[in-house]
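Data block below; observations after.
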Amino acid sequence: MSDVGTLTLAYLRSRPADAARVLEQLEPAVVGEFLATVPVRVAAGPLAAMISWRAGRVLARMDPVRAAALIEAIPAERCSWCLRAIAPALREAILAELPTRRARSLRRQLRFVATLVGAHMDVDTSAVRAGTTVSEAIDLVRADGTWSAMQLYVIDAMQRPVGVVPLAALFDPAGERSIDALVDRECTSIAADTPLAQVDIATGWDGWPERPVVDSAGGLVGTISLARVVAARREPVGAMSSGAGPGLVLARAYGAAASGLGRTLAGLITGRGGNGV
């Protein structure tokens, strides 16, 4: 992929959002290799338009110097969300290649106070864009490798969640129909900067193993489960004789059951059988 044609460059420059949708369906290593052959300013457009954690996976496959150059070129508000999807050691290697002030600013953005939802969310989330077909969604779940997930998030052009689709619904035989027909729009988002103490753990979780977490612009940046919320808010050790309240125990049990079902569905998608191995 070292010879990037004129038409390809023109497409990346003029249609970065459309190019991002194409690149999201490819393996991160392949995309990283391809974008390494493209001028930084051109590559930055589609990279910034990609779903943040997928963009992070692409950056993780690049040389830290090249990755840092792209971080410098994409909009500032997107950088920290991309970096969150990268393993800490590699993320630090990329930050080390940035100007000191820029790196310091990004490090601050990457640190959520422990009392906020963002500090406990899972950034490795399965999501597809509205209009994606069911068969394309299955391919993306395979590429993502997020087998413990139980639901797939559907996002709009601004990466805002419009609803969720249970993974089980992907086994509908009408694989070429739009996933929009399967979307359940009742799942409420939680802002990443919401204090954990303000998250209602009594309502809004029925039927939802997790809830979408969004940034200040409403874009999907991760998910959080009830088990994680309750665990983060658990009472200090010694406050109860059991060391954990019944809410925490039940939440952990529910989380474990949800993960088990997710692995079973993953086995069906990959053809590995129902045991998830």
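Residue numbers start at 1 in each chain; chains themselves are named A, B, ... in the order of the structure tokens; ligands are numbered from 1 in the order shown.
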
### Query
Where does DSSP see alpha helix (DSSP H) in stretch 27-63 of chain A, if you list the residues as number ranges by chain?
A: 28-35, 40-49, 52-60

At most 7 Å is the cut-off: for each residue in stretch 133-237 of chain A with any atom that close to an atom of stretch 108-129 of chain A, write down the nearest atom pair and the distance in Å rounded to one decimal, counting only C-alpha atoms, chain first then increasing number, as CSV.
residue,atom,partner,partner_atom,distance
A:Ala137,CA,A:Val128,CA,6.5
A:Val141,CA,A:Ser126,CA,6.6
A:Asp144,CA,A:Ser126,CA,6.8
A:Thr146,CA,A:Ser126,CA,6.5
A:Leu152,CA,A:Ser126,CA,5.3
A:Tyr153,CA,A:Ala127,CA,4.4
A:Val154,CA,A:Val128,CA,5.1
A:Ile155,CA,A:Arg129,CA,4.9
A:Asp156,CA,A:Arg129,CA,5.9
A:Ala192,CA,A:Gly118,CA,4.3
A:Asp193,CA,A:Leu116,CA,5.5
A:Thr194,CA,A:Leu116,CA,5.5
A:Pro195,CA,A:Leu116,CA,4.4
A:Leu196,CA,A:Leu116,CA,5.3
A:Val221,CA,A:Val123,CA,6.2
A:Gly222,CA,A:Val123,CA,4.2
A:Thr223,CA,A:Asp122,CA,5.3
A:Ile224,CA,A:Met121,CA,4.8
A:Arg228,CA,A:His120,CA,6.9

Please identify every residue of stretch 5-38 of chain A that has at least one atom no farther than 9 Å from an atom of stretch 52-61 of chain A, counting only C-alpha atoms, and for each give the shortest atom pair and the distance in Å to one decimal, arranged by chain then increasing number, as CSV.
residue,atom,partner,partner_atom,distance
A:Glu24,CA,A:Arg54,CA,6.9
A:Glu27,CA,A:Val58,CA,8.5
A:Pro28,CA,A:Val58,CA,4.7
A:Ala29,CA,A:Arg61,CA,5.5
A:Val30,CA,A:Val58,CA,8.4
A:Val31,CA,A:Val58,CA,6.3
A:Gly32,CA,A:Val58,CA,5.0
A:Glu33,CA,A:Arg61,CA,7.7
A:Leu35,CA,A:Val58,CA,8.9

### Query
Running DSSP on the backbone, which parts of stretch 27-191 of chain A land in strand (DSSP E), as a PyMOL selection string?
chain A and resi 127-129+151-155+161-166+190-191

Can those selected residues be exported to a file as a PDB file, in the first residue's frame so that it contains N, CA and C atoms?
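Final output, saved to out.pdb:
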ATOM      1  N   ALA A 127     -19.539  -0.451  18.186  1.00  0.00           N
ATOM      2  CA  ALA A 127     -20.473   0.537  17.640  1.00  0.00           C
ATOM      3  C   ALA A 127     -20.419   0.509  16.124  1.00  0.00           C
ATOM      4  N   VAL A 128     -21.548   0.805  15.509  1.00  0.00           N
ATOM      5  CA  VAL A 128     -21.641   0.930  14.055  1.00  0.00           C
ATOM      6  C   VAL A 128     -22.421   2.193  13.734  1.00  0.00           C
ATOM      7  N   ARG A 129     -22.275   2.658  12.546  1.00  0.00           N
ATOM      8  CA  ARG A 129     -22.981   3.873  12.147  1.00  0.00           C
ATOM      9  C   ARG A 129     -24.370   3.548  11.615  1.00  0.00           C
ATOM     10  N   GLN A 151     -24.322  -5.881  23.549  1.00  0.00           N
ATOM     11  CA  GLN A 151     -25.104  -5.024  22.668  1.00  0.00           C
ATOM     12  C   GLN A 151     -24.186  -4.170  21.809  1.00  0.00           C
ATOM     13  N   LEU A 152     -24.753  -3.745  20.698  1.00  0.00           N
ATOM     14  CA  LEU A 152     -24.028  -2.972  19.710  1.00  0.00           C
ATOM     15  C   LEU A 152     -24.652  -1.584  19.678  1.00  0.00           C
ATOM     16  N   TYR A 153     -23.834  -0.552  19.746  1.00  0.00           N
ATOM     17  CA  TYR A 153     -24.356   0.812  19.724  1.00  0.00           C
ATOM     18  C   TYR A 153     -24.419   1.323  18.293  1.00  0.00           C
ATOM     19  N   VAL A 154     -25.477   2.043  17.982  1.00  0.00           N
ATOM     20  CA  VAL A 154     -25.636   2.657  16.668  1.00  0.00           C
ATOM     21  C   VAL A 154     -25.471   4.155  16.860  1.00  0.00           C
ATOM     22  N   ILE A 155     -24.585   4.766  16.068  1.00  0.00           N
ATOM     23  CA  ILE A 155     -24.280   6.184  16.216  1.00  0.00           C
ATOM     24  C   ILE A 155     -24.613   6.944  14.936  1.00  0.00           C
ATOM     25  N   PRO A 161     -24.806   8.464  20.158  1.00  0.00           N
ATOM     26  CA  PRO A 161     -25.583   7.221  20.166  1.00  0.00           C
ATOM     27  C   PRO A 161     -27.057   7.484  19.914  1.00  0.00           C
ATOM     28  N   VAL A 162     -27.625   6.752  18.974  1.00  0.00           N
ATOM     29  CA  VAL A 162     -29.056   6.892  18.687  1.00  0.00           C
ATOM     30  C   VAL A 162     -29.834   5.703  19.242  1.00  0.00           C
ATOM     31  N   GLY A 163     -29.124   4.657  19.674  1.00  0.00           N
ATOM     32  CA  GLY A 163     -29.790   3.492  20.245  1.00  0.00           C
ATOM     33  C   GLY A 163     -28.854   2.304  20.290  1.00  0.00           C
ATOM     34  N   VAL A 164     -29.388   1.176  20.700  1.00  0.00           N
ATOM     35  CA  VAL A 164     -28.591  -0.044  20.813  1.00  0.00           C
ATOM     36  C   VAL A 164     -29.309  -1.210  20.137  1.00  0.00           C
ATOM     37  N   VAL A 165     -28.520  -2.210  19.790  1.00  0.00           N
ATOM     38  CA  VAL A 165     -29.045  -3.437  19.194  1.00  0.00           C
ATOM     39  C   VAL A 165     -28.451  -4.610  19.968  1.00  0.00           C
ATOM     40  N   PRO A 166     -29.257  -5.480  20.561  1.00  0.00           N
ATOM     41  CA  PRO A 166     -28.708  -6.670  21.215  1.00  0.00           C
ATOM     42  C   PRO A 166     -27.968  -7.527  20.194  1.00  0.00           C
ATOM     43  N   ILE A 190     -25.023   8.507  29.649  1.00  0.00           N
ATOM     44  CA  ILE A 190     -24.479   9.150  30.832  1.00  0.00           C
ATOM     45  C   ILE A 190     -23.255   9.954  30.405  1.00  0.00           C
ATOM     46  N   ALA A 191     -23.149  11.193  30.829  1.00  0.00           N
ATOM     47  CA  ALA A 191     -21.992  12.020  30.496  1.00  0.00           C
ATOM     48  C   ALA A 191     -20.761  11.538  31.249  1.00  0.00           C
TER      49      ALA A 191
END

### Query
Which of these, A:Thr132, A:Gln198, A:Thr37, A:Ser225, has the shortest distance to A:Ala181 once you count only C-alpha atoms?
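Of A:Thr132, A:Gln198, A:Thr37, A:Ser225, the one nearest A:Ala181, counting only C-alpha atoms, is A:Thr132.
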
### Task
Skip A:Leu95 itself and residues of its chain fewer than 3 positions away, then list as a list in words all residues within 9 Å of it, counting only C-alpha atoms.
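Contacts, in chain order: Pro64, Ala68, Leu90, Arg91, Glu92, Leu98, Pro99, Thr100, Arg102, Ala103, Arg104, Leu106 and Arg107 of chain A.
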
Can you spit out the residues from that selection as a PDB file, in the first residue's frame, using C-alpha atoms?
ATOM      1  CA  PRO A  64       5.170   6.652  17.738  1.00  0.00           C
ATOM      2  CA  ALA A  68       2.372  11.832  17.295  1.00  0.00           C
ATOM      3  CA  LEU A  90       2.575   2.872  23.941  1.00  0.00           C
ATOM      4  CA  ARG A  91       0.417   5.908  24.685  1.00  0.00           C
ATOM      5  CA  GLU A  92       3.255   7.366  26.732  1.00  0.00           C
ATOM      6  CA  LEU A  98       4.819  15.628  21.215  1.00  0.00           C
ATOM      7  CA  PRO A  99       5.848  19.149  22.247  1.00  0.00           C
ATOM      8  CA  THR A 100       6.063  19.352  26.040  1.00  0.00           C
ATOM      9  CA  ARG A 102       0.892  19.670  24.190  1.00  0.00           C
ATOM     10  CA  ALA A 103       1.791  16.415  25.939  1.00  0.00           C
ATOM     11  CA  ARG A 104       1.159  17.961  29.355  1.00  0.00           C
ATOM     12  CA  LEU A 106      -3.236  15.769  26.882  1.00  0.00           C
ATOM     13  CA  ARG A 107      -2.066  13.992  30.029  1.00  0.00           C
TER      14      ARG A 107
END

Hey, which bits of stretch 63-160 of chain A sit within 12 Å of stretch 38-42 of chain A, and for each residue what's the closest pair of atoms and how far apart in Å (one decimal), counting only C-alpha atoms, rows by chain and increasing number, as JSON lines?
{"residue": "A:Val65", "atom": "CA", "partner": "A:Val40", "partner_atom": "CA", "distance": 11.5}
{"residue": "A:Arg66", "atom": "CA", "partner": "A:Val40", "partner_atom": "CA", "distance": 8.3}
{"residue": "A:Ala67", "atom": "CA", "partner": "A:Val40", "partner_atom": "CA", "distance": 9.5}
{"residue": "A:Ala68", "atom": "CA", "partner": "A:Val40", "partner_atom": "CA", "distance": 10.3}
{"residue": "A:Ala69", "atom": "CA", "partner": "A:Val40", "partner_atom": "CA", "distance": 7.0}
{"residue": "A:Leu70", "atom": "CA", "partner": "A:Val40", "partner_atom": "CA", "distance": 6.0}
{"residue": "A:Ile71", "atom": "CA", "partner": "A:Val40", "partner_atom": "CA", "distance": 9.7}
{"residue": "A:Glu72", "atom": "CA", "partner": "A:Val40", "partner_atom": "CA", "distance": 9.4}
{"residue": "A:Ala73", "atom": "CA", "partner": "A:Arg41", "partner_atom": "CA", "distance": 6.4}
{"residue": "A:Ile74", "atom": "CA", "partner": "A:Arg41", "partner_atom": "CA", "distance": 8.5}
{"residue": "A:Pro75", "atom": "CA", "partner": "A:Arg41", "partner_atom": "CA", "distance": 11.5}
